[in-house]
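Q: Following this line is structure_18.csv, made up of CSV, C-alpha atoms and all ligand atoms:
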```csv
chain,number,residue,atom,x,y,z
A,9,MET,CA,78.9,99.2,-144.6
A,10,SER,CA,82.1,98.9,-146.5
A,11,GLN,CA,83.8,102.1,-147.9
A,12,LEU,CA,82.9,101.1,-151.4
A,13,GLU,CA,79.2,100.6,-150.5
A,14,ASP,CA,79.3,104.0,-148.8
A,15,LYS,CA,80.6,105.6,-151.9
A,16,GLU,CA,78.0,103.9,-154.1
A,17,LYS,CA,75.3,105.0,-151.8
A,18,SER,CA,76.4,108.6,-152.1
A,19,ILE,CA,76.5,108.5,-155.9
A,20,GLN,CA,73.0,107.0,-155.8
A,21,TYR,CA,71.8,109.7,-153.4
A,22,PHE,CA,73.4,112.3,-155.6
A,23,LEU,CA,71.7,111.0,-158.8
A,24,GLU,CA,68.4,110.6,-157.0
A,25,GLN,CA,68.6,114.3,-156.0
A,26,CYS,CA,69.3,115.3,-159.6
A,27,ILE,CA,66.2,113.4,-160.7
A,28,GLN,CA,64.0,114.7,-157.9
A,29,LYS,CA,65.0,118.3,-158.4
A,30,ARG,CA,64.6,117.9,-162.2
A,31,LEU,CA,68.0,119.2,-163.0
A,32,SER,CA,69.2,118.5,-166.5
A,33,PHE,CA,72.1,116.2,-166.2
A,34,TYR,CA,74.1,113.3,-167.7
A,35,ALA,CA,75.9,110.4,-166.1
A,36,TYR,CA,77.8,107.8,-168.0
A,37,SER,CA,80.7,105.3,-168.0
A,38,LEU,CA,82.7,104.5,-171.0
A,39,PRO,CA,83.2,100.8,-172.1
A,40,GLY,CA,85.9,99.2,-170.0
A,41,ASP,CA,86.0,102.1,-167.6
A,42,GLN,CA,84.4,102.0,-164.1
A,43,GLU,CA,84.5,105.7,-163.6
A,44,ILE,CA,81.1,107.4,-163.8
A,45,LYS,CA,81.1,111.0,-165.0
A,46,ILE,CA,78.3,113.3,-164.1
A,47,GLY,CA,77.5,116.8,-165.5
A,48,ILE,CA,74.7,119.2,-164.6
A,49,GLN,CA,73.5,122.3,-166.4
A,50,THR,CA,70.5,124.4,-165.3
A,51,SER,CA,69.1,124.7,-168.8
A,52,PRO,CA,70.5,122.6,-171.6
A,53,THR,CA,70.7,124.1,-175.1
A,54,LYS,CA,69.2,122.8,-178.4
A,55,PHE,CA,71.7,122.6,-181.3
A,56,ARG,CA,71.4,122.1,-185.0
A,57,THR,CA,74.6,120.6,-186.1
A,58,LEU,CA,77.7,119.3,-184.3
A,59,LEU,CA,79.5,122.4,-185.7
A,60,ASP,CA,77.6,124.5,-183.2
A,61,LEU,CA,79.5,122.6,-180.5
A,62,LYS,CA,83.0,123.4,-181.7
A,63,GLY,CA,85.4,124.2,-178.9
A,64,LYS,CA,82.9,123.2,-176.2
A,65,ASP,CA,82.9,120.5,-173.5
A,66,GLY,CA,79.8,118.6,-172.6
A,67,PHE,CA,77.5,115.8,-173.6
A,68,LEU,CA,75.2,115.6,-176.6
A,69,PHE,CA,71.9,113.8,-177.0
A,70,VAL,CA,70.6,113.4,-180.5
A,71,PRO,CA,67.2,111.9,-181.5
A,72,PHE,CA,66.8,109.2,-184.1
A,73,ASP,CA,64.9,111.4,-186.5
A,74,VAL,CA,66.6,114.8,-186.6
A,75,ASP,CA,63.7,116.2,-188.7
A,76,GLY,CA,61.2,115.0,-186.2
A,77,GLU,CA,59.7,116.4,-183.0
A,78,GLN,CA,62.6,115.9,-180.7
A,79,ALA,CA,65.6,118.3,-180.9
A,80,PRO,CA,69.3,117.5,-180.4
A,81,TYR,CA,70.4,118.7,-177.0
A,82,PHE,CA,73.7,119.7,-175.6
A,83,ILE,CA,74.5,119.8,-171.9
A,84,ASN,CA,77.4,122.1,-171.3
A,85,PRO,CA,77.9,121.3,-167.5
A,86,GLU,CA,78.1,124.1,-164.9
A,87,PHE,CA,79.1,121.3,-162.4
A,88,GLU,CA,81.0,118.2,-163.2
A,89,PHE,CA,81.6,115.2,-160.9
A,90,SER,CA,83.3,111.9,-161.1
A,91,SER,CA,82.5,108.7,-159.1
A,92,TYR,CA,86.2,108.7,-158.1
A,93,SER,CA,85.9,112.1,-156.5
A,94,ILE,CA,82.3,112.8,-155.7
A,95,HIS,CA,82.0,115.8,-153.5
A,96,PHE,CA,78.7,116.3,-151.8
A,97,LYS,CA,76.6,119.0,-153.3
A,98,ASP,CA,73.8,120.4,-151.3
A,99,PHE,CA,70.7,120.5,-153.3
A,100,ALA,CA,68.5,121.1,-150.2
A,101,GLY,CA,67.7,124.7,-151.3
A,102,LEU,CA,66.1,123.5,-154.5
A,103,PRO,CA,62.5,122.4,-154.4
A,104,ASP,CA,61.4,118.9,-155.4
A,105,GLN,CA,59.7,119.0,-158.8
A,106,GLU,CA,56.5,117.1,-159.7
A,107,ASP,CA,57.4,114.3,-162.1
A,108,GLU,CA,55.9,114.9,-165.5
A,109,ASP,CA,54.4,111.9,-167.3
A,110,SER,CA,53.8,111.0,-170.9
A,111,GLU,CA,52.1,108.2,-172.7
A,112,ILE,CA,54.0,106.0,-175.1
A,113,TYR,CA,52.4,103.6,-177.5
A,114,GLU,CA,53.2,100.0,-176.7
A,115,SER,CA,53.0,97.5,-179.6
A,116,SER,CA,51.3,94.2,-179.0
A,117,LYS,CA,52.6,91.1,-180.8
A,118,GLU,CA,49.7,91.4,-183.2
A,119,ASP,CA,50.7,95.0,-184.1
A,120,TYR,CA,54.3,94.0,-184.6
A,121,PHE,CA,53.2,91.2,-187.0
A,122,VAL,CA,51.1,93.6,-189.0
A,123,GLN,CA,54.0,96.0,-189.2
A,124,ILE,CA,56.6,93.5,-190.1
A,125,LYS,CA,54.4,92.1,-192.9
A,126,GLU,CA,53.9,95.6,-194.3
A,127,MET,CA,57.7,96.1,-194.3
A,128,LEU,CA,58.3,92.7,-195.8
A,129,THR,CA,56.1,93.6,-198.8
A,130,ASP,CA,58.5,96.5,-199.6
A,131,LEU,CA,61.6,94.4,-199.0
A,132,GLN,CA,60.4,91.5,-201.1
A,133,SER,CA,59.6,93.8,-204.0
A,134,LYS,CA,63.2,95.1,-203.6
A,135,ARG,CA,62.2,98.7,-202.9
A,136,LEU,CA,64.8,98.6,-200.2
A,137,ASP,CA,67.4,96.1,-198.9
A,138,LYS,CA,66.9,96.5,-195.2
A,139,VAL,CA,64.8,98.3,-192.6
A,140,ILE,CA,64.8,98.3,-188.8
A,141,LEU,CA,61.4,97.7,-187.1
A,142,SER,CA,61.3,98.6,-183.4
A,143,ARG,CA,58.7,98.4,-180.7
A,144,VAL,CA,58.1,99.6,-177.2
A,145,HIS,CA,57.7,97.3,-174.2
A,146,VAL,CA,56.3,99.0,-171.1
A,147,LEU,CA,57.1,97.8,-167.7
A,148,ASN,CA,54.8,99.1,-164.9
A,149,GLY,CA,55.6,99.6,-161.3
A,150,LYS,CA,59.1,101.0,-161.5
A,151,GLY,CA,59.9,104.6,-162.6
A,152,ARG,CA,61.9,107.7,-161.8
A,153,LYS,CA,62.4,106.8,-158.1
A,154,GLU,CA,64.2,103.6,-159.1
A,155,ALA,CA,66.2,105.1,-162.0
A,156,ALA,CA,69.4,105.9,-160.2
A,157,SER,CA,69.8,102.4,-158.7
A,158,ILE,CA,69.0,100.8,-162.0
A,159,PHE,CA,71.6,102.9,-163.7
A,160,LEU,CA,74.2,101.9,-161.1
A,161,ARG,CA,73.3,98.2,-161.5
A,162,LEU,CA,73.7,98.5,-165.3
A,163,ASN,CA,77.2,99.8,-164.8
A,164,GLU,CA,78.1,96.8,-162.7
A,165,THR,CA,76.4,94.3,-165.0
A,166,TYR,CA,77.7,95.6,-168.3
A,167,PRO,CA,81.3,97.0,-167.8
A,168,ASN,CA,81.9,96.8,-171.6
A,169,ALA,CA,78.9,98.8,-172.6
A,170,PHE,CA,78.4,102.5,-172.8
A,171,VAL,CA,76.1,103.0,-169.8
A,172,SER,CA,74.3,106.3,-169.6
A,173,MET,CA,71.5,108.2,-167.9
A,174,VAL,CA,70.4,111.5,-169.3
A,175,ASP,CA,67.6,113.8,-168.0
A,176,ILE,CA,66.3,116.7,-170.1
A,177,PRO,CA,63.3,118.2,-168.3
A,178,GLY,CA,60.4,118.3,-170.8
A,179,GLU,CA,62.0,115.6,-173.0
A,180,GLY,CA,62.5,112.8,-170.5
A,181,LEU,CA,64.8,110.6,-168.5
A,182,TRP,CA,66.7,108.0,-170.6
A,183,ILE,CA,68.8,105.1,-169.4
A,184,GLY,CA,70.8,102.7,-171.6
A,185,ALA,CA,73.6,100.2,-171.9
A,186,SER,CA,74.7,100.5,-175.5
A,187,PRO,CA,76.9,97.9,-177.2
A,188,GLU,CA,77.4,100.1,-180.3
A,189,ARG,CA,80.0,102.8,-180.8
A,190,PHE,CA,78.7,105.5,-183.2
A,191,LEU,CA,81.9,107.5,-183.7
A,192,ASN,CA,85.0,108.0,-181.7
A,193,SER,CA,87.7,110.5,-182.4
A,194,ASP,CA,90.8,111.6,-180.5
A,195,GLY,CA,91.9,114.1,-183.2
A,196,LYS,CA,94.3,111.7,-184.9
A,197,THR,CA,92.1,108.8,-185.6
A,198,ILE,CA,88.4,108.1,-186.1
A,199,GLU,CA,86.7,104.8,-185.2
A,200,THR,CA,83.3,103.4,-186.0
A,201,VAL,CA,81.7,99.9,-186.2
A,202,ALA,CA,79.2,97.9,-188.3
A,203,LEU,CA,77.1,96.0,-185.8
A,204,ALA,CA,74.2,93.8,-186.8
A,205,GLY,CA,72.8,90.3,-186.7
A,206,THR,CA,71.6,89.0,-183.3
A,207,GLN,CA,71.4,85.7,-181.6
A,208,LYS,CA,70.8,84.7,-178.0
A,209,LEU,CA,74.1,83.4,-176.7
A,210,GLY,CA,72.6,80.8,-174.3
A,211,ASP,CA,75.2,78.5,-172.8
A,212,ARG,CA,77.5,78.5,-175.9
A,213,GLU,CA,81.0,79.9,-176.0
A,214,VAL,CA,81.1,83.1,-178.1
A,215,HIS,CA,83.6,81.6,-180.5
A,216,ALA,CA,81.3,78.6,-181.1
A,217,VAL,CA,78.5,80.8,-182.5
A,218,GLU,CA,77.7,80.3,-186.2
A,219,TRP,CA,75.8,82.7,-188.4
A,220,GLU,CA,73.2,82.2,-191.2
A,221,THR,CA,73.3,83.9,-194.6
A,222,LYS,CA,70.5,86.3,-193.6
A,223,GLU,CA,72.5,87.6,-190.6
A,224,ILE,CA,75.8,87.8,-192.6
A,225,GLU,CA,74.0,89.8,-195.2
A,226,GLU,CA,72.3,92.3,-192.9
A,227,GLN,CA,75.6,93.1,-191.2
A,228,ALA,CA,77.3,93.4,-194.6
A,229,TYR,CA,74.9,96.1,-195.6
A,230,VAL,CA,76.1,98.2,-192.6
A,231,SER,CA,79.7,97.5,-193.5
A,232,LYS,CA,79.1,98.5,-197.1
A,233,TYR,CA,77.4,101.7,-196.1
A,234,ILE,CA,80.3,102.7,-193.8
A,235,GLU,CA,83.0,101.8,-196.4
A,236,GLU,CA,81.2,104.0,-199.0
A,237,LEU,CA,81.0,106.8,-196.5
A,238,LEU,CA,84.7,106.5,-195.7
A,239,SER,CA,85.4,106.6,-199.4
A,240,ASN,CA,83.2,109.7,-200.0
A,241,TYR,CA,85.3,111.4,-197.4
A,242,GLN,CA,88.5,110.3,-199.1
A,243,ILE,CA,89.5,108.2,-196.1
A,244,ARG,CA,91.4,105.2,-197.5
A,245,ASP,CA,94.0,104.6,-194.8
A,246,TYR,CA,92.0,102.5,-192.3
A,247,GLN,CA,92.2,99.2,-190.5
A,248,LYS,CA,89.2,97.0,-190.8
A,249,LYS,CA,88.7,94.0,-188.4
A,250,GLY,CA,86.0,91.5,-188.7
A,251,PRO,CA,83.2,90.6,-189.0
A,252,PHE,CA,83.6,88.7,-185.7
A,253,THR,CA,81.2,87.6,-183.0
A,254,ALA,CA,80.8,90.2,-180.2
A,255,GLN,CA,78.9,89.6,-177.0
A,256,ALA,CA,76.5,92.2,-175.6
A,257,GLY,CA,75.1,90.8,-172.4
A,258,ASN,CA,72.8,87.8,-173.2
A,259,VAL,CA,73.0,88.3,-177.0
A,260,VAL,CA,75.8,88.2,-179.6
A,261,HIS,CA,76.2,90.3,-182.8
A,262,LEU,CA,78.3,90.4,-185.8
A,263,LYS,CA,80.7,93.2,-185.7
A,264,THR,CA,83.3,94.9,-188.0
A,265,THR,CA,85.5,97.7,-186.5
A,266,TYR,CA,87.0,100.5,-188.5
A,267,LYS,CA,89.8,102.7,-187.4
A,268,ALA,CA,91.1,105.4,-189.7
A,269,ASN,CA,94.5,107.1,-189.1
A,270,THR,CA,93.3,110.3,-190.5
A,271,GLU,CA,93.5,113.7,-189.0
A,272,LEU,CA,90.2,115.3,-189.7
A,273,SER,CA,89.2,118.9,-188.8
A,274,PHE,CA,86.3,119.3,-186.4
A,275,ASP,CA,84.2,120.5,-189.4
A,276,GLN,CA,85.0,117.3,-191.3
A,277,ILE,CA,84.2,115.1,-188.2
A,278,SER,CA,80.9,116.8,-187.6
A,279,SER,CA,79.9,116.5,-191.3
A,280,PHE,CA,81.0,112.8,-191.2
A,281,ALA,CA,78.9,112.2,-188.1
A,282,GLN,CA,75.9,113.8,-189.7
A,283,ALA,CA,76.2,111.7,-192.8
A,284,LEU,CA,76.7,108.5,-190.8
A,285,HIS,CA,73.5,108.9,-188.8
A,286,PRO,CA,71.3,106.9,-188.8
A,287,THR,CA,73.2,103.9,-190.0
A,288,PRO,CA,71.6,100.8,-191.6
A,289,ALA,CA,72.0,99.1,-188.1
A,290,VAL,CA,69.1,101.2,-186.9
A,291,CYS,CA,67.4,102.7,-189.9
A,292,GLY,CA,67.7,101.1,-193.3
A,293,LEU,CA,69.3,100.8,-196.7
A,294,PRO,CA,68.8,103.0,-198.7
A,295,LYS,CA,68.6,105.4,-195.7
A,296,ASN,CA,65.9,107.7,-197.0
A,297,LYS,CA,63.6,104.8,-197.9
A,298,GLY,CA,64.2,103.1,-194.5
A,299,MET,CA,63.4,106.4,-192.7
A,300,ASP,CA,60.2,106.8,-194.8
A,301,LEU,CA,59.0,103.3,-194.1
A,302,ILE,CA,59.7,103.6,-190.4
A,303,ARG,CA,57.8,106.8,-190.2
A,304,LYS,CA,54.9,105.2,-192.0
A,305,VAL,CA,54.8,101.8,-190.2
A,306,GLU,CA,55.8,102.3,-186.6
A,307,LYS,CA,53.0,103.6,-184.4
A,308,HIS,CA,55.3,105.0,-181.7
A,309,ARG,CA,57.9,107.8,-182.0
A,310,ARG,CA,61.4,106.6,-181.4
A,311,GLU,CA,62.3,109.9,-179.8
A,312,TYR,CA,66.0,109.4,-178.6
A,313,TYR,CA,66.1,105.6,-179.1
A,314,ALA,CA,68.5,104.8,-182.0
A,315,GLY,CA,69.8,108.3,-181.9
A,316,PHE,CA,73.3,108.9,-180.6
A,317,LEU,CA,74.8,110.4,-177.4
A,318,GLY,CA,78.0,110.9,-175.6
A,319,PRO,CA,80.7,113.2,-174.4
A,320,ILE,CA,82.5,115.8,-176.6
A,321,HIS,CA,85.5,117.9,-175.7
A,322,ALA,CA,86.8,121.3,-176.4
A,323,ASP,CA,89.8,119.8,-178.3
A,324,GLY,CA,87.4,118.1,-180.7
A,325,SER,CA,87.7,114.6,-179.3
A,326,LEU,CA,84.5,112.7,-178.8
A,327,ALA,CA,83.1,109.3,-177.8
A,328,LEU,CA,79.6,108.8,-179.2
A,329,PHE,CA,77.4,105.8,-179.0
A,330,VAL,CA,74.1,104.7,-180.6
A,331,ASN,CA,71.3,104.9,-178.0
A,332,LEU,CA,70.3,101.2,-178.0
A,333,ARG,CA,69.2,98.8,-175.2
A,334,SER,CA,67.7,101.9,-173.8
A,335,MET,CA,64.5,103.1,-172.2
A,336,LYS,CA,62.6,106.2,-171.3
A,337,VAL,CA,61.8,106.3,-167.6
A,338,LEU,CA,58.4,107.6,-166.8
A,339,LYS,CA,56.9,108.5,-163.5
A,340,GLU,CA,56.0,104.9,-162.5
A,341,SER,CA,56.8,102.9,-165.6
A,342,MET,CA,59.6,102.3,-168.0
A,343,ALA,CA,59.3,102.2,-171.8
A,344,LEU,CA,61.9,99.9,-173.3
A,345,PHE,CA,62.7,100.4,-177.0
A,346,VAL,CA,63.9,97.4,-178.9
A,347,GLY,CA,64.3,96.7,-182.6
A,348,GLY,CA,65.9,94.5,-185.2
A,349,GLY,CA,67.0,94.5,-188.9
A,350,ILE,CA,64.4,93.1,-191.3
A,351,THR,CA,65.4,91.9,-194.7
A,352,ALA,CA,63.4,90.1,-197.5
A,353,ASP,CA,64.4,86.7,-195.8
A,354,SER,CA,63.1,87.7,-192.3
A,355,ASP,CA,60.9,85.3,-190.4
A,356,PRO,CA,58.4,87.4,-188.3
A,357,GLU,CA,58.4,85.0,-185.3
A,358,LYS,CA,62.2,84.9,-185.2
A,359,GLU,CA,62.4,88.7,-185.4
A,360,TRP,CA,59.9,89.1,-182.6
A,361,MET,CA,62.0,86.7,-180.4
A,362,GLU,CA,65.1,88.8,-181.2
A,363,THR,CA,63.4,91.9,-179.8
A,364,CYS,CA,62.5,89.9,-176.7
A,365,PHE,CA,66.2,88.8,-176.2
A,366,LYS,CA,67.3,92.4,-176.6
A,367,ALA,CA,64.7,93.6,-174.0
A,368,GLN,CA,66.2,91.0,-171.6
A,369,THR,CA,69.4,93.1,-171.4
A,370,LEU,CA,67.5,95.7,-169.4
A,371,LEU,CA,64.8,93.6,-167.9
A,372,LYS,CA,67.3,91.4,-166.2
A,373,VAL,CA,68.7,94.3,-164.3
A,374,ILE,CA,65.4,96.1,-163.6
A,375,LYS,CA,63.7,93.1,-162.1
A,401,LIG,C1,68.1,98.0,-183.2
A,401,LIG,C2,68.8,97.4,-182.2
A,401,LIG,O1,70.0,96.9,-182.4
A,401,LIG,C3,70.7,97.0,-183.6
A,401,LIG,C4,70.2,96.0,-184.5
A,401,LIG,C5,70.7,94.7,-184.6
A,401,LIG,C6,70.1,93.6,-185.5
A,401,LIG,O2,69.3,93.9,-186.3
A,401,LIG,O3,70.5,92.4,-185.3
A,401,LIG,C7,71.9,94.4,-183.8
A,401,LIG,C8,72.5,95.4,-183.2
A,401,LIG,C9,72.1,96.8,-183.3
A,401,LIG,O4,72.9,97.4,-184.3
A,401,LIG,C10,68.2,97.4,-180.8
A,401,LIG,O5,68.9,96.9,-179.9
A,401,LIG,O6,67.1,97.9,-180.6
```
Could I get this file's structure written as structure tokens?

A:
Amino acid sequence: MSQLEDKEKSIQYFLEQCIQKRLSFYAYSLPGDQEIKIGIQTSPTKFRTLLDLKGKDGFLFVPFDVDGEQAPYFINPEFEFSSYSIHFKDFAGLPDQEDEDSEIYESSKEDYFVQIKEMLTDLQSKRLDKVILSRVHVLNGKGRKEAASIFLRLNETYPNAFVSMVDIPGEGLWIGASPERFLNSDGKTIETVALAGTQKLGDREVHAVEWETKEIEEQAYVSKYIEELLSNYQIRDYQKKGPFTAQAGNVVHLKTTYKANTELSFDQISSFAQALHPTPAVCGLPKNKGMDLIRKVEKHRREYYAGFLGPIHADGSLALFVNLRSMKVLKESMALFVGGGITADSDPEKEWMETCFKAQTLLKVIK
């Protein structure tokens, strides 16, 4: 076995132990960075607003619907490790824990069609401009035992994604490879993106991809929302790039990036993040109508899918991502969450296919 393989095996063993002992932990790698960071805390804390995390180091995990059943969690690690300097930690003294299991509603194609038609009625009567319909795809036969190796394979396969694995006992184990930055700040600048519109890349070159009006419009809604928010926060000095085509595994999206050279206090950043979530890339426009329609139409709970997650540091810097291309890992199955933006011009069959392409991002690596 090569030295590298040896190291990977030890990270895998380490993560498997964390899962088996039901420790609460996070593991992630940032886009473009091979290093995997891991943090463990015996009991993670719930928090209300980002302001509660001022001056703290750790990892946050926020659900889609912050007024729903799931709480935002913060893991403030007692132990931190890096894949570059993993030192063996002996978990032998801790007992293995029984895997808890839960049931998640899986939508059939028929369910999805009923739901999209219900949403289209509201969109066509112009009650709202856009809403995101999601569904759950359950894959049986692989579960918690395979989670660590799948997480490591996602890291290899998608070096430009935010690849994460988070386990909060009682809430569940989540894995994802997100293409979408939520909010980044290093204290001097803040960055966010408007990402929407999806096509399967197939064997085309990324620059050869062309976009239809429906896709251009659905992405423009997200841009408009971000620009309004920046303006509400009196942030006028920002660089905007795009929209351009960005690849995320087997699919491509339309993307506009925003980088503001504004020093914001932590209080301002936390308030901005709260106002930003959930964007019309995952909820709808107007936001409250999108949220109401999702609550009414979708039969499953999104839990942490389409929420946001990522590391935050004591100096106020943070790197947060939208929890997309993600799944909840159950005892012996995996629940993949996939969705897409619906507008008055949506074609149900095309939208369904779009969710299938998105599911492939994970399925390709799991199988
Ligand atoms: C909702 C998802 O993705 C979001 C929706 C997109 C769309 O509607 O085209 C594209 C990228 C993401 O912002 C998902 O992957 O589940």

Q: Calculated over all atoms listed in the file, which of the candidates A:Ile277, A:Ile302, A:Ile83, A:Met335 has the smallest distance to Leu58 (chain A)?

A: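 Closest candidate: A:Ile277.
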
Q: Please check which protein, DNA or RNA residues sit within 7 Å of ligand LIG 401 (chain A), counting all atoms listed in the file, and write them as a list in words.

A: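 Taking all atoms listed in the file into account, the residues around ligand LIG 401 (chain A) at most 7 Å away are Ile140, Ser142, Glu188, Leu203, Ala204, Gly205, Thr206, His261, Ala289, Val290, Ala314, Leu332, Arg333, Phe345, Val346, Gly347, Gly348, Gly349 and Lys366 of chain A.
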
Q: Generate a file of the selected residues that holds C-alpha atoms, formatted as a PDB file, in the frame of the given file.

A:
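Result file is again35.pdb:
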```
ATOM      1  CA  ILE A 140      64.800  98.300-188.800  1.00  0.00           C
ATOM      2  CA  SER A 142      61.300  98.600-183.400  1.00  0.00           C
ATOM      3  CA  GLU A 188      77.400 100.100-180.300  1.00  0.00           C
ATOM      4  CA  LEU A 203      77.100  96.000-185.800  1.00  0.00           C
ATOM      5  CA  ALA A 204      74.200  93.800-186.800  1.00  0.00           C
ATOM      6  CA  GLY A 205      72.800  90.300-186.700  1.00  0.00           C
ATOM      7  CA  THR A 206      71.600  89.000-183.300  1.00  0.00           C
ATOM      8  CA  HIS A 261      76.200  90.300-182.800  1.00  0.00           C
ATOM      9  CA  ALA A 289      72.000  99.100-188.100  1.00  0.00           C
ATOM     10  CA  VAL A 290      69.100 101.200-186.900  1.00  0.00           C
ATOM     11  CA  ALA A 314      68.500 104.800-182.000  1.00  0.00           C
ATOM     12  CA  LEU A 332      70.300 101.200-178.000  1.00  0.00           C
ATOM     13  CA  ARG A 333      69.200  98.800-175.200  1.00  0.00           C
ATOM     14  CA  PHE A 345      62.700 100.400-177.000  1.00  0.00           C
ATOM     15  CA  VAL A 346      63.900  97.400-178.900  1.00  0.00           C
ATOM     16  CA  GLY A 347      64.300  96.700-182.600  1.00  0.00           C
ATOM     17  CA  GLY A 348      65.900  94.500-185.200  1.00  0.00           C
ATOM     18  CA  GLY A 349      67.000  94.500-188.900  1.00  0.00           C
ATOM     19  CA  LYS A 366      67.300  92.400-176.600  1.00  0.00           C
TER      20      LYS A 366
END
```

Q: Using all atoms listed in the file, which of the listed residues (A:Phe274, A:Tyr113, A:Phe329, A:Tyr34) sits closest to Ser186 (chain A)?

A: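 Residue with the minimum atom-to-atom distance to Ser186 (chain A): A:Phe329.
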
Q: Identify which of the residues A:Phe69, A:Tyr246, A:Tyr21, A:Phe89 lies closest to Glu199 (chain A), counting only C-alpha atoms when measuring atom-to-atom distances.

A: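 The shortest atom-to-atom distance to Glu199 (chain A) comes from A:Tyr246.
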
Q: Rank nothing, just name the residue among A:Ser273, A:Asn331, A:Ser341, A:Gln247 nearest to Leu147 (chain A), using all atoms listed in the file.

A: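 Distance minimum relative to Leu147 (chain A) lands on A:Ser341.
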
Q: Distance CA of Leu238 (chain A)-CA of Gln282 (chain A), one decimal place?

A: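 These atoms are spaced 12.9 Å apart.
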
Q: Nearest to Asn240 (chain A): which of A:Ser93, A:Gln276, A:Gln227, A:Thr264 is it, counting only C-alpha atoms?

A: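 Answer, going by the shortest atom-to-atom distance: A:Gln276.
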
Q: Can you work out which one of A:Thr197, A:Asn163, A:Asn84, A:Ser116 has the shortest atom-to-atom distance to Lys54 (chain A), counting all atoms listed in the file?

A: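 Selected residue with least distance to Lys54 (chain A): A:Asn84.
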
Q: Work out how far CA of Asp130 (chain A) is from CA of Arg303 (chain A), in Å to one decimal.

A: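 Atom-to-atom, CA of Arg303 (chain A) to CA of Asp130 (chain A), that is 14.0 Å.
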
Q: Could region 352-364 of chain A be completed with N, CA and C atoms and written as a CSV table (one decimal), in the coordinates of the input, please?

A:
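Below is the file that was written, result-v3.csv:
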```
chain,number,residue,atom,x,y,z
A,352,ALA,N,64.4,90.8,-196.7
A,352,ALA,CA,63.4,90.1,-197.5
A,352,ALA,C,63.3,88.6,-196.9
A,353,ASP,N,64.4,88.1,-196.3
A,353,ASP,CA,64.4,86.7,-195.8
A,353,ASP,C,63.9,86.6,-194.3
A,354,SER,N,63.5,87.7,-193.7
A,354,SER,CA,63.1,87.7,-192.3
A,354,SER,C,61.9,86.8,-192.0
A,355,ASP,N,62.0,86.1,-190.9
A,355,ASP,CA,60.9,85.3,-190.4
A,355,ASP,C,60.3,86.1,-189.2
A,356,PRO,N,59.0,86.5,-189.3
A,356,PRO,CA,58.4,87.4,-188.3
A,356,PRO,C,58.6,86.9,-186.9
A,357,GLU,N,58.3,85.6,-186.7
A,357,GLU,CA,58.4,85.0,-185.3
A,357,GLU,C,59.8,85.1,-184.8
A,358,LYS,N,60.8,84.8,-185.6
A,358,LYS,CA,62.2,84.9,-185.2
A,358,LYS,C,62.6,86.4,-184.8
A,359,GLU,N,62.1,87.3,-185.6
A,359,GLU,CA,62.4,88.7,-185.4
A,359,GLU,C,61.8,89.2,-184.1
A,360,TRP,N,60.6,88.7,-183.9
A,360,TRP,CA,59.9,89.1,-182.6
A,360,TRP,C,60.7,88.6,-181.4
A,361,MET,N,61.2,87.3,-181.5
A,361,MET,CA,62.0,86.7,-180.4
A,361,MET,C,63.3,87.5,-180.2
A,362,GLU,N,63.8,88.0,-181.3
A,362,GLU,CA,65.1,88.8,-181.2
A,362,GLU,C,64.9,90.0,-180.4
A,363,THR,N,63.7,90.7,-180.6
A,363,THR,CA,63.4,91.9,-179.8
A,363,THR,C,63.2,91.5,-178.3
A,364,CYS,N,62.7,90.3,-178.1
A,364,CYS,CA,62.5,89.9,-176.7
A,364,CYS,C,63.9,89.7,-176.0
```
